[in-house]
Every structure is written in C-alpha cells, then in structure tokens.
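*Asks:* Quick one: this structure, given as structure tokens, is what I'll be asking you about.
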Amino acid sequence: MTLSFKTILLGTTLSAALAAPVAALAETRTLDGTVTYRERMALPPEAEITVQLVDVSLADAPATLLGETTLTPSHQVPVPFQITYDDADLTEGHSYALQARITVAGQLLFINTSRHAVFGPEPDATDIVVERVAASPEPAPADTPADTPTGRWLAEDIGGGGVIDNAQSLLELAADGTVTGSGGCNRMTGTAVIEGDALSFGPIASTRMGCVPALGDQEAKFFAALAATRNWQIDELGKLILLGAEGKALMRLAPQ
C-alpha cells in the first residue's frame, strides 16, 4: 500500500500532538527554607550564603547539582532562601538533600554537617543549621619541631578551606610507610614512600560508609591532597605541611 503525502503529514502531526502533553509535565518549582547557626555572633557585611539542591543517591560519587542560590544577607540569621529547580530533573527512587555554607571572601566559615533531606517520605528538612569550621590556630610557642612526617596527624586545613569542627580527618604514617587513619567518615589504609623530604602516597583504600555531603566533600579533598603530595615539611609550630609538585601547600596537620 502506498501512503500519500497527506497521510504521512497527518501521522507526523498526530505524533507531535500526542508528545506535547508529556513535555508539558516538566515544571519549574521553588523550594523555600532558612539557614541559621547557634553561635552568638554577627556575620560580616561581606558574608555570602550559598544553598544547593543536590542528588546524593550515589555515596561513592560527587553529588549532582539541581539548583543553587547565593545571597548576601541583609540581617542576621535565620536567613530565608528560595531555590528554583526543574522537576523534570527529579528521578524516582533517588535521594535529594539541601546543603549550605557561609563564606567571606572565599574563606569557609560555616557548613552543614547533617543531612537535610527533601522529596522523601519525611517532611522536607529545609531549615538548615550550619556548623562553624575550625579557625586557624593563633601562633604560639612550640616545642622543637619533629624531623619526620611519621606519627599521628589531624588535618587542620585542606586546600586553604579549613575543616569542619567535628570531623576528624586523621593520617597515621608509620616508619615503614604503612598508612592508616580516617578521611573523616571512612577508615583508610595504604602505603607511602618517604625519602628525605620527598613523600608520596600509593593508592588509598577506604571503607564505603555513606557520608553527609559536607563530610563527603571534605573526605574527597583529604584523599585528593594525599594523592597529590610530593614533599613534606614541619613548620615552626610543629605542624606537618604536605606539599604538591610545585611546592604548593596542600594540607596542614597537627600532631596528635
């Protein structure tokens, strides 16, 4: 049977008409909430609050960003926010959460350390409480610095972004190069090679526990800093500094 041009055109038009309602199901929506912290302190005028809506379904992969808003608060906390997202980006069976941070000139001051789930069986947790990150220690007299990177070390700063107060990223380095410790959420094991002031880490194995986004992000940066380490030094305060290929400071750790 030979189809006429009119028949083909009618079929194409009908198919497009049937597909149109499906595309119309996609809709832009908004999610409202607040960001606050418990400390009795005022934010600097230049502080910025960033809130993100992310897909956190995969514990061993970076979260997928679905929506984000950044604002400069005109008053103290709690600060209201609104995120716009496309509901066509939501996938049935996936897990979604909000994460927030407060920065000043790129320096991290506060970040959430607990999961704020949305679009799940429980009511949306859109009122986010952020925790203050550890401040850099004030210079103080120190004992004679150690001359070895071996020992037990606690991360104080990773990549210039500080660390979360209640998250302990620990490096335990033995004289034979055995590496143990914790990224802050998962335990780790591995090996390292120490030759004078040269230091390199082999592949790091870790457990696979699910982490809240903030802890997972810090842990990923901790492991990345270890992988990029090429040298070490002990500063005047007895802190271990891990250095990259061009001498850039990747991480500062305090003895434990």
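Each chain in the structure tokens gets a letter, A, B and so on, in the order shown; residues start at 1 in every chain, and ligands are counted from 1 in the order they appear.
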Fewer than 4 positions away in the same chain doesn't count, so skip those; otherwise give me all residues within 10 Å of Glu131 of chain A, counting only C-alpha atoms, as a list in words.
*Replies:*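 The filter keeps Thr36, Tyr37, Arg38, Glu39, Ala100, Arg101, Ile102, Leu109, Phe110, Ile111, Asn112, Thr113, Ser114, Ile164, Asp165 and Asn166 of chain A.
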*Asks:* Tell me, in Å to one decimal, how far atom CA of Arg208 of chain A is from atom CA of Leu98 of chain A.
*Replies:*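 We find that atom CA of Arg208 of chain A and atom CA of Leu98 of chain A lie 21.8 Å from each other.
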*Asks:* Could you check the closest approach to Val104 of chain A for each of A:Leu53, A:Leu43, A:Val130, A:Leu66 and tell me which residue wins, using only C-alpha atoms?
*Replies:*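 Closest residue, counting only C-alpha atoms: A:Leu43.
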*Asks:* Can you work out the spacing between atom CA of Leu243 of chain A and atom CA of Ala175 of chain A in Å, to one decimal?
*Replies:*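 Distance reported for this atom pair: 19.1 Å.
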